Amino acid sequence: MAQEFFIQGNEACAKGAIAAGCRFFAGYPITPSTEVAETLARELPKVGGSFVQMEDEIASAGAIIGGSWGGTKSMTATSGPGISLMQENIGYAFMSETPIVIVDVQRGSPSTAQPTMTSQSDMMQARWGSHGDYEPIALAPSSVQEFFDFTIKAFNLAEEFRVPVFVMADEIVGHMREKITVEDDIEIVPRKRPEKSDDYLPFENTENGTNPMPAFGDGFNIHVTGLTHDERGYPDTNNPETHQKLVQRICDKILNNKDKICSVKSQNCEDADMIIVSYGSPVRSVGEAVTKAREDGLKVGYIKIDTPWPFPDEQLLELASNAKDVLVVEMNLGQMYYEVDRVLGKGADVHLMGVIGGVMPTPDEIVEKIKEIGGN
Amino acid sequence: MRTEIRIGGFGGQGVILAGIILGKAASIFDQKEAVQTQSYGPEARGGASKCEVVISDTEIDYPKFQSPDILIAMSNEALIKYIVDLKDNGTLIVDPGTTDIEDVREFIDEHDIKVYEAPATKTATDEIGLKIVANIVMVGAITKITEVISKEAAMKAIEDSVPKGTEEKNIKAFEAGYALVE
């Protein structure tokens with residue numbers, strides 16, 4: 001029977017992780033993500049899992065990469081300052097194709113800024129934070145239910161594509177309490193293990209791009225490295241072709257599957273002159289603002305991006321092709337705005353409502369902005 | 001209908017738990033929608049603490065406060081600080097043992113605030129013998145006065161939220177609070 005809980009977003013995230021099969025958490029507590037670690041410290045041992053409080057964030061990222069290669073679904077949770085410190089190992093996870101889940105409960109930034117206040121200022125950090133070419137997956141929950149659901153989805157995507165997946169939450173969705181429903185039949189993607197054979201290639205440049213992954217101890221003598229490696233996993237750093245094939249495959253395995261990964265929701269877009277694009281907790285204000293604007297006779301709709309990365313170009317083009325104006329509402333001074341402008345800027349005027357300071361925009365403030373743009 | 005409730009008091013009085021109980025009662029046991037949020041700061045025992053709950057018959061988009069319908073003040077500091085946000089004809093519930101209503105008399109008169117006095121701390125101490133259940137006494141009073149959650153839902157939410165082994169005392173505290181107001 002489905003169960004209902006009235007819990008905090010961060011607790012729902014921890015619950016989702018356990019439901020998804022996560023059995024290892026390594027992290028360094030940081031506001032406003034701490035309850036994720038606190039809950040998992042209490043709950044993981046009950047299901048045979050392990051929790052380690054590490055000495056810092058780079059070590060936390062290293063520990064979960066090791067946990068994942070040990071054959072265990074692994075995650076960490078942090079906030080902006082911690083994400084910055086993890087970036088080196090996050091890059092290593094992309095290059096070594098290690099499935100891990102990184103939860104970022106965003107707070108006021110840059111630096112240590114506003115620990116207890118909300119923001120969405122790490123969106124580009126999730127995209128480009130580590131050096132090099134790679135294609136991350138990021139999910140942005142707008143409710144406690146979604147924080148639960150998206151954490152499960154993050155583990156599933158990580159396993160399906162052998163890639164780090166970010167859950168880009170924020171202080172509001174992390175700390176508010178709402179009802180969640182936990183269904184009995186949750187879809188879980190298990191780790192695909194390889195078959196033993198004489199010509200086994202752990203990093204084969206296959207068509208679909210994602211290889212099954214052995215665990216340490218399974219008996220495969222493989223080498224895992226952040227250096228450019230051949231299909232056997234051995235460093236081959238001076239051969240342009242090896243590098244091109246490897247990095248292209250790491251990018252293509254995501255880009256060629258965007259239709260499977262990308263998810264958006266929309267409301268009232270069919271006849272809309274103006275479409276609001278948002279993600280994460282501000283969508284809650286946008287939804288109410290659109291209802292209010294419609295009551296005032298304004299033809300406004302909205303698109304909620306569930307997966308900021310990879311960016312859902314195709315879905316946006318399909319939904320917003322008739323809009324004259326597009327308004328991006330986000331809690332930073334313009335990050336996803338540039339992506340929206342890149343995709344929709346040829347056909348519409350793309351405006352930014354970038355809110356910083358630590359509180360989410362109110363529905364009335366958004367309605368005011370809609371009217372201001374409509375009046376131009 | 002959307003109802004916004006704020007509970008303010010000292011850290012350590014259990015105002016957050018009181019809000020969680022209201023939200024849980026509404027969403028899990030009354031099948032309504034509810035969101036609970038709280039100020040997230042370095043509150044310690046004795047400092048200011050507040051908790052907000054939005055309860056609605058329909059899906060709640062904006063989860064934060066817009067204009068509170070109901071204020072519950074369990075400290076004088078909370079009463080003075082938060083009464084100014086209360087909407088006209090709003091409901092104010094105070095613990096007379098920890099607040100002085102005369103400090104905000106002017107606002108009450110000007111904005112036609114409905115005032116209820118629920119001596120939660122005194123009732124907790126005298127009737128239950130445990131000052132720490134004042135928050136649950138207050139949940140009883142809130143349930144009776146506002147009818148925003150049902151009595152059955154409130155009691156189920158309390159049993160589901162308080163530490164194991166303390167259910168009976170807490171239900172007694174709730175009943176005492178429920179009986180405080182006519």
# chains A, B, ... in the order shown; residues from 1 in each chain; ligands from 1

$ interface_residues --of "chain A" --to "chain B" --cutoff "12 Å" --atoms "only C-alpha atoms" --output "ChimeraX atom specification"
/A:3-9,31-32,114-118,142-145,171-181,281-292,358-366

$ write_last_selection --atoms "N, CA and C atoms" --output "CSV table (one decimal), in the first residue's frame"
chain,number,residue,atom,x,y,z
A,3,GLN,N,2.4,4.7,1.0
A,3,GLN,CA,2.5,5.3,2.3
A,3,GLN,C,2.6,6.9,2.1
A,4,GLU,N,2.0,7.6,3.1
A,4,GLU,CA,2.1,9.0,3.1
A,4,GLU,C,2.9,9.5,4.3
A,5,PHE,N,3.7,10.6,4.0
A,5,PHE,CA,4.5,11.2,5.0
A,5,PHE,C,4.4,12.7,4.9
A,6,PHE,N,4.4,13.4,6.1
A,6,PHE,CA,4.5,14.9,6.1
A,6,PHE,C,5.9,15.2,6.5
A,7,ILE,N,6.8,15.4,5.6
A,7,ILE,CA,8.3,15.6,6.0
A,7,ILE,C,8.9,16.7,5.2
A,8,GLN,N,10.2,17.0,5.7
A,8,GLN,CA,11.0,18.0,5.1
A,8,GLN,C,11.6,17.5,3.7
A,9,GLY,N,11.8,18.5,2.8
A,9,GLY,CA,12.4,18.1,1.5
A,9,GLY,C,13.7,17.3,1.7
A,31,THR,N,24.9,23.6,5.9
A,31,THR,CA,23.6,24.2,5.8
A,31,THR,C,23.4,24.7,4.4
A,32,PRO,N,22.3,24.6,3.7
A,32,PRO,CA,21.0,24.0,4.2
A,32,PRO,C,20.8,22.5,3.8
A,114,GLN,N,25.1,33.3,2.2
A,114,GLN,CA,23.9,33.2,3.0
A,114,GLN,C,23.6,31.8,3.3
A,115,PRO,N,24.1,31.2,4.4
A,115,PRO,CA,23.9,29.8,4.7
A,115,PRO,C,22.5,29.4,4.8
A,116,THR,N,21.6,30.2,5.4
A,116,THR,CA,20.3,29.8,5.7
A,116,THR,C,19.2,30.4,4.7
A,117,MET,N,19.7,30.9,3.6
A,117,MET,CA,18.8,31.6,2.7
A,117,MET,C,18.8,30.9,1.3
A,118,THR,N,17.8,31.0,0.5
A,118,THR,CA,17.7,30.3,-0.7
A,118,THR,C,18.4,30.9,-1.9
A,142,SER,N,10.8,21.0,-7.4
A,142,SER,CA,10.0,22.2,-7.0
A,142,SER,C,9.2,21.9,-5.7
A,143,SER,N,9.1,20.6,-5.3
A,143,SER,CA,8.3,20.3,-4.2
A,143,SER,C,9.0,19.2,-3.4
A,144,VAL,N,8.4,18.9,-2.2
A,144,VAL,CA,9.0,17.8,-1.4
A,144,VAL,C,8.8,16.5,-2.1
A,145,GLN,N,7.7,16.3,-2.7
A,145,GLN,CA,7.4,15.1,-3.5
A,145,GLN,C,8.5,14.9,-4.6
A,171,GLU,N,17.3,25.9,-0.7
A,171,GLU,CA,16.9,26.0,0.7
A,171,GLU,C,15.5,25.8,1.0
A,172,ILE,N,14.6,26.4,0.1
A,172,ILE,CA,13.2,26.4,0.3
A,172,ILE,C,12.7,24.9,0.2
A,173,VAL,N,13.0,24.3,-0.9
A,173,VAL,CA,12.5,22.9,-1.1
A,173,VAL,C,13.2,21.9,-0.2
A,174,GLY,N,14.4,22.3,0.3
A,174,GLY,CA,15.0,21.4,1.3
A,174,GLY,C,14.4,21.5,2.7
A,175,HIS,N,14.0,22.7,3.1
A,175,HIS,CA,13.5,22.8,4.4
A,175,HIS,C,12.0,22.8,4.6
A,176,MET,N,11.2,23.0,3.6
A,176,MET,CA,9.8,23.0,3.8
A,176,MET,C,9.2,21.6,4.0
A,177,ARG,N,8.1,21.5,4.7
A,177,ARG,CA,7.5,20.2,4.9
A,177,ARG,C,6.2,20.2,4.1
A,178,GLU,N,6.0,19.0,3.4
A,178,GLU,CA,4.8,18.8,2.6
A,178,GLU,C,4.5,17.3,2.7
A,179,LYS,N,3.4,16.9,2.2
A,179,LYS,CA,3.0,15.5,2.2
A,179,LYS,C,3.7,14.9,1.0
A,180,ILE,N,4.3,13.7,1.2
A,180,ILE,CA,4.7,12.9,0.0
A,180,ILE,C,4.0,11.6,0.0
A,181,THR,N,3.8,11.0,-1.2
A,181,THR,CA,3.2,9.7,-1.3
A,181,THR,C,4.3,8.8,-1.8
A,281,SER,N,12.2,25.7,-7.0
A,281,SER,CA,11.1,26.2,-6.1
A,281,SER,C,10.4,27.5,-6.7
A,282,PRO,N,11.1,28.4,-7.4
A,282,PRO,CA,10.4,29.5,-7.9
A,282,PRO,C,9.1,29.2,-8.8
A,283,VAL,N,9.1,27.9,-9.4
A,283,VAL,CA,8.0,27.5,-10.2
A,283,VAL,C,6.7,27.6,-9.4
A,284,ARG,N,6.8,27.4,-8.0
A,284,ARG,CA,5.6,27.5,-7.2
A,284,ARG,C,5.0,28.9,-7.2
A,285,SER,N,5.9,29.9,-7.3
A,285,SER,CA,5.4,31.3,-7.4
A,285,SER,C,4.9,31.6,-8.8
A,286,VAL,N,5.6,31.0,-9.8
A,286,VAL,CA,5.2,31.2,-11.2
A,286,VAL,C,3.8,30.6,-11.5
A,287,GLY,N,3.6,29.4,-10.9
A,287,GLY,CA,2.3,28.8,-11.1
A,287,GLY,C,1.1,29.7,-10.7
A,288,GLU,N,1.3,30.3,-9.4
A,288,GLU,CA,0.3,31.1,-8.9
A,288,GLU,C,0.2,32.4,-9.7
A,289,ALA,N,1.3,33.0,-10.1
A,289,ALA,CA,1.3,34.2,-10.9
A,289,ALA,C,0.6,34.0,-12.2
A,290,VAL,N,0.8,32.9,-12.8
A,290,VAL,CA,0.1,32.6,-14.1
A,290,VAL,C,-1.4,32.6,-13.9
A,291,THR,N,-1.8,31.9,-12.9
A,291,THR,CA,-3.3,31.8,-12.5
A,291,THR,C,-3.8,33.2,-12.4
A,292,LYS,N,-3.1,34.1,-11.6
A,292,LYS,CA,-3.6,35.4,-11.3
A,292,LYS,C,-3.6,36.3,-12.6
A,358,GLY,N,18.0,35.9,-1.1
A,358,GLY,CA,17.7,34.7,-0.2
A,358,GLY,C,16.2,34.4,0.0
A,359,VAL,N,15.3,35.2,-0.7
A,359,VAL,CA,13.9,34.9,-0.6
A,359,VAL,C,13.3,34.7,-2.0
A,360,MET,N,12.3,33.8,-2.1
A,360,MET,CA,11.8,33.5,-3.5
A,360,MET,C,10.9,34.7,-3.9
A,361,PRO,N,10.8,34.9,-5.2
A,361,PRO,CA,9.9,36.0,-5.7
A,361,PRO,C,8.5,35.6,-5.4
A,362,THR,N,7.6,36.6,-5.0
A,362,THR,CA,6.2,36.3,-4.7
A,362,THR,C,5.4,36.3,-6.0
A,363,PRO,N,4.3,35.6,-6.0
A,363,PRO,CA,3.4,35.6,-7.2
A,363,PRO,C,3.1,37.1,-7.6
A,364,ASP,N,2.8,38.0,-6.7
A,364,ASP,CA,2.5,39.4,-7.1
A,364,ASP,C,3.7,40.1,-7.8
A,365,GLU,N,4.9,39.8,-7.3
A,365,GLU,CA,6.0,40.4,-7.9
A,365,GLU,C,6.2,39.9,-9.4
A,366,ILE,N,5.9,38.6,-9.6
A,366,ILE,CA,6.0,38.1,-11.0
A,366,ILE,C,4.9,38.7,-11.9

$ residues_around --residues "Ala176 of chain B" --least-positions-apart "4" --cutoff "10 Å" --atoms "only C-alpha atoms" --output "CSV table (one decimal) with C-alpha atoms, in the first residue's frame"
chain,number,residue,atom,x,y,z
B,120,ALA,CA,-1.4,27.0,27.6
B,123,THR,CA,-2.6,24.5,31.9
B,124,ALA,CA,0.4,22.4,31.0
B,127,GLU,CA,-3.2,20.0,34.8
B,128,ILE,CA,-0.5,17.8,33.1
B,136,ILE,CA,0.3,20.6,22.5
B,137,VAL,CA,-2.2,22.4,24.8
B,138,MET,CA,-2.0,25.2,22.3
B,140,GLY,CA,-5.8,21.8,21.3
B,141,ALA,CA,-6.9,25.4,21.6
B,170,ASN,CA,0.3,14.6,25.0
B,171,ILE,CA,-3.3,13.6,24.1
B,172,LYS,CA,-4.3,14.7,27.6
B,180,LEU,CA,-9.9,25.8,27.4
B,181,VAL,CA,-12.1,27.8,25.0

$ residues_around --residues "Gly9 of chain B" --least-positions-apart "3" --cutoff "10 Å" --atoms "only C-alpha atoms" --output "list in words"
Gly12, Gln13, Gly14, Val15, Ile16, Gly46, Gly47, Ala48, Ser49, Lys50, Cys51, Ile72, Ala73, Met74, Ser75, Asn76, Glu77, Ala78, Leu79, Asp95, Thr98, Thr99 and Asn135 of chain B

$ residues_around --residues "Lys192 of chain A" --least-positions-apart "4" --cutoff "9 Å" --atoms "only C-alpha atoms" --output "list in words"
Glu159, Glu160, Asn211, Pro212, Met213 and Pro214 of chain A

$ write_last_selection --atoms "N, CA and C atoms" --output "tab-separated table (two decimals), in the first residue's frame"
chain	number	residue	atom	x	y	z
A	159	GLU	N	22.91	5.33	-13.15
A	159	GLU	CA	23.21	3.94	-13.50
A	159	GLU	C	23.05	3.70	-15.00
A	160	GLU	N	21.99	4.28	-15.57
A	160	GLU	CA	21.72	4.04	-16.97
A	160	GLU	C	22.84	4.58	-17.87
A	211	ASN	N	28.91	1.45	-21.13
A	211	ASN	CA	29.32	0.07	-20.92
A	211	ASN	C	28.86	-0.44	-19.56
A	212	PRO	N	28.63	-1.75	-19.44
A	212	PRO	CA	28.39	-2.31	-18.10
A	212	PRO	C	29.60	-2.03	-17.21
A	213	MET	N	29.40	-1.99	-15.91
A	213	MET	CA	30.48	-1.57	-15.01
A	213	MET	C	30.79	-2.66	-13.98
A	214	PRO	N	32.03	-3.15	-13.98
A	214	PRO	CA	32.39	-4.15	-12.97
A	214	PRO	C	32.69	-3.45	-11.64

$ closest_atom_pairs --of "segment 91-173 of chain A" --to "segment 197-206 of chain A" --cutoff "12 Å" --atoms "only C-alpha atoms" --output "JSON lines"
{"residue": "A:Met95", "atom": "CA", "partner": "A:Phe203", "partner_atom": "CA", "distance": 10.6}
{"residue": "A:Ser96", "atom": "CA", "partner": "A:Phe203", "partner_atom": "CA", "distance": 9.0}
{"residue": "A:Glu97", "atom": "CA", "partner": "A:Phe203", "partner_atom": "CA", "distance": 8.9}
{"residue": "A:Thr98", "atom": "CA", "partner": "A:Phe203", "partner_atom": "CA", "distance": 11.6}
{"residue": "A:Arg162", "atom": "CA", "partner": "A:Phe203", "partner_atom": "CA", "distance": 11.2}

$ write_last_selection --atoms "C-alpha atoms" --output "mmCIF file, in the first residue's frame"
data_model
loop_
_atom_site.group_PDB
_atom_site.id
_atom_site.type_symbol
_atom_site.label_atom_id
_atom_site.label_comp_id
_atom_site.auth_asym_id
_atom_site.auth_seq_id
_atom_site.Cartn_x
_atom_site.Cartn_y
_atom_site.Cartn_z
ATOM 1 C CA MET A 95 36.159 10.874 -17.094
ATOM 2 C CA SER A 96 36.092 7.507 -15.312
ATOM 3 C CA GLU A 97 32.331 7.191 -16.008
ATOM 4 C CA THR A 98 31.431 6.630 -12.388
ATOM 5 C CA ARG A 162 27.291 5.827 -15.904
#

$ residues_around --residues "Pro110 of chain A" --least-positions-apart "4" --cutoff "12 Å" --atoms "only C-alpha atoms" --output "number ranges by chain"
A: 79-84, 106, 114-115, 119-122, 125, 332-333, 356-357

$ write_last_selection --atoms "C-alpha atoms" --output "compact mmCIF listing (two decimals), in the first residue's frame"
# COMPACT_ATOMS: atom_id res chain seq x y z
CA SER A 79 25.64 23.28 -0.87
CA GLY A 80 27.47 25.82 -3.03
CA PRO A 81 30.74 26.03 -1.07
CA GLY A 82 30.95 22.24 -0.99
CA ILE A 83 30.19 21.87 -4.69
CA SER A 84 33.11 24.19 -5.41
CA GLN A 106 21.59 25.75 -2.92
CA GLN A 114 23.93 33.23 3.05
CA PRO A 115 23.92 29.77 4.65
CA SER A 119 19.21 30.70 -4.17
CA GLN A 120 19.81 28.92 -7.48
CA SER A 121 23.25 30.27 -8.06
CA ASP A 122 25.07 26.97 -8.68
CA GLN A 125 28.60 25.12 -11.44
CA ASN A 332 20.35 34.26 -9.46
CA LEU A 333 21.34 37.18 -11.66
CA ILE A 356 18.83 37.29 -5.27
CA GLY A 357 18.92 38.02 -1.55

$ select_by_dssp --residues "segment 14-156 of chain B" --states "helix (DSSP H, G or I)" --output "MDAnalysis selection string"
chainID B and resid 15:29 76:85 101:110 120:128 131:146 151:156

$ write_last_selection --atoms "C-alpha atoms" --output "mmCIF file, in the first residue's frame"
data_model
loop_
_atom_site.group_PDB
_atom_site.id
_atom_site.type_symbol
_atom_site.label_atom_id
_atom_site.label_comp_id
_atom_site.auth_asym_id
_atom_site.auth_seq_id
_atom_site.Cartn_x
_atom_site.Cartn_y
_atom_site.Cartn_z
ATOM 1 C CA VAL B 15 6.305 25.997 18.198
ATOM 2 C CA ILE B 16 7.886 24.190 15.215
ATOM 3 C CA LEU B 17 6.453 20.866 16.366
ATOM 4 C CA ALA B 18 3.059 22.518 16.870
ATOM 5 C CA GLY B 19 3.188 23.699 13.248
ATOM 6 C CA ILE B 20 4.271 20.284 11.982
ATOM 7 C CA ILE B 21 1.320 18.725 13.812
ATOM 8 C CA LEU B 22 -1.106 21.172 12.182
ATOM 9 C CA GLY B 23 0.357 20.485 8.734
ATOM 10 C CA LYS B 24 0.410 16.733 9.237
ATOM 11 C CA ALA B 25 -3.157 16.707 10.576
ATOM 12 C CA ALA B 26 -4.407 18.675 7.587
ATOM 13 C CA SER B 27 -2.509 16.868 4.833
ATOM 14 C CA ILE B 28 -2.291 13.265 6.027
ATOM 15 C CA PHE B 29 -5.423 12.887 8.153
ATOM 16 C CA ASN B 76 5.378 38.699 24.049
ATOM 17 C CA GLU B 77 8.240 39.291 21.636
ATOM 18 C CA ALA B 78 6.443 37.203 18.988
ATOM 19 C CA LEU B 79 3.169 38.989 19.702
ATOM 20 C CA ILE B 80 4.651 42.446 19.184
ATOM 21 C CA LYS B 81 6.820 41.461 16.228
ATOM 22 C CA TYR B 82 4.270 39.502 14.202
ATOM 23 C CA ILE B 83 0.887 41.081 14.937
ATOM 24 C CA VAL B 84 1.532 43.786 12.368
ATOM 25 C CA ASP B 85 1.392 41.182 9.564
ATOM 26 C CA ILE B 101 -2.271 41.728 25.142
ATOM 27 C CA GLU B 102 -2.360 45.395 26.212
ATOM 28 C CA ASP B 103 0.922 45.939 24.347
ATOM 29 C CA VAL B 104 -0.914 45.469 21.056
ATOM 30 C CA ARG B 105 -4.389 46.706 22.026
ATOM 31 C CA GLU B 106 -4.251 49.551 19.531
ATOM 32 C CA PHE B 107 -3.593 47.240 16.558
ATOM 33 C CA ILE B 108 -6.289 44.821 17.707
ATOM 34 C CA ASP B 109 -8.889 47.592 17.846
ATOM 35 C CA GLU B 110 -7.882 49.229 14.589
ATOM 36 C CA ALA B 120 -1.370 26.980 27.588
ATOM 37 C CA THR B 121 1.680 27.182 29.847
ATOM 38 C CA LYS B 122 -0.390 27.349 33.041
ATOM 39 C CA THR B 123 -2.627 24.484 31.896
ATOM 40 C CA ALA B 124 0.386 22.372 30.978
ATOM 41 C CA THR B 125 1.967 22.966 34.360
ATOM 42 C CA ASP B 126 -1.184 22.690 36.537
ATOM 43 C CA GLU B 127 -3.176 19.983 34.752
ATOM 44 C CA ILE B 128 -0.535 17.823 33.111
ATOM 45 C CA LYS B 131 5.427 22.642 31.229
ATOM 46 C CA ILE B 132 6.913 21.276 27.989
ATOM 47 C CA VAL B 133 3.513 20.160 26.664
ATOM 48 C CA ALA B 134 2.296 23.786 26.458
ATOM 49 C CA ASN B 135 2.670 23.584 22.677
ATOM 50 C CA ILE B 136 0.320 20.595 22.518
ATOM 51 C CA VAL B 137 -2.166 22.356 24.809
ATOM 52 C CA MET B 138 -2.001 25.206 22.298
ATOM 53 C CA VAL B 139 -2.651 22.812 19.393
ATOM 54 C CA GLY B 140 -5.849 21.818 21.258
ATOM 55 C CA ALA B 141 -6.899 25.444 21.578
ATOM 56 C CA ILE B 142 -6.061 26.179 17.915
ATOM 57 C CA THR B 143 -8.083 23.154 16.771
ATOM 58 C CA LYS B 144 -11.122 24.238 18.784
ATOM 59 C CA ILE B 145 -10.955 27.946 17.898
ATOM 60 C CA THR B 146 -10.045 27.860 14.214
ATOM 61 C CA LYS B 151 -10.155 17.047 16.249
ATOM 62 C CA GLU B 152 -9.618 13.466 15.073
ATOM 63 C CA ALA B 153 -6.899 14.485 12.625
ATOM 64 C CA ALA B 154 -5.151 16.583 15.281
ATOM 65 C CA MET B 155 -5.069 13.676 17.716
ATOM 66 C CA LYS B 156 -3.757 11.241 15.096
#

$ select_by_dssp --residues "segment 29-147 of chain B" --states "strand (DSSP E or B)" --output "ChimeraX atom specification"
/B:33-38,48-56,70-73,91-94,114-117

$ write_last_selection --atoms "C-alpha atoms" --output "PDB file, in the first residue's frame"
ATOM      1  CA  GLU B  33      -3.134  20.323   1.264  1.00  0.00           C
ATOM      2  CA  ALA B  34      -0.547  21.772   3.661  1.00  0.00           C
ATOM      3  CA  VAL B  35       2.933  23.288   3.623  1.00  0.00           C
ATOM      4  CA  GLN B  36       4.969  24.051   6.733  1.00  0.00           C
ATOM      5  CA  THR B  37       7.944  26.401   6.683  1.00  0.00           C
ATOM      6  CA  GLN B  38      10.009  27.933   9.441  1.00  0.00           C
ATOM      7  CA  ALA B  48      12.808  33.821  19.039  1.00  0.00           C
ATOM      8  CA  SER B  49      11.307  31.010  16.996  1.00  0.00           C
ATOM      9  CA  LYS B  50       8.486  30.927  14.475  1.00  0.00           C
ATOM     10  CA  CYS B  51       6.755  28.485  12.239  1.00  0.00           C
ATOM     11  CA  GLU B  52       4.279  28.971   9.419  1.00  0.00           C
ATOM     12  CA  VAL B  53       1.659  26.650   8.028  1.00  0.00           C
ATOM     13  CA  VAL B  54      -0.470  27.106   4.921  1.00  0.00           C
ATOM     14  CA  ILE B  55      -3.556  24.883   4.748  1.00  0.00           C
ATOM     15  CA  SER B  56      -5.782  24.757   1.690  1.00  0.00           C
ATOM     16  CA  ILE B  70      -4.199  33.389  12.252  1.00  0.00           C
ATOM     17  CA  LEU B  71      -1.390  34.315  14.652  1.00  0.00           C
ATOM     18  CA  ILE B  72      -0.604  32.254  17.728  1.00  0.00           C
ATOM     19  CA  ALA B  73       1.726  34.106  20.098  1.00  0.00           C
ATOM     20  CA  THR B  91      -7.557  35.695  14.551  1.00  0.00           C
ATOM     21  CA  LEU B  92      -5.083  36.105  17.400  1.00  0.00           C
ATOM     22  CA  ILE B  93      -4.541  33.419  19.999  1.00  0.00           C
ATOM     23  CA  VAL B  94      -2.270  34.280  22.913  1.00  0.00           C
ATOM     24  CA  LYS B 114     -10.557  38.484  17.072  1.00  0.00           C
ATOM     25  CA  VAL B 115      -8.636  37.690  20.251  1.00  0.00           C
ATOM     26  CA  TYR B 116      -8.646  34.417  22.177  1.00  0.00           C
ATOM     27  CA  GLU B 117      -6.751  33.742  25.345  1.00  0.00           C
TER      28      GLU B 117
END
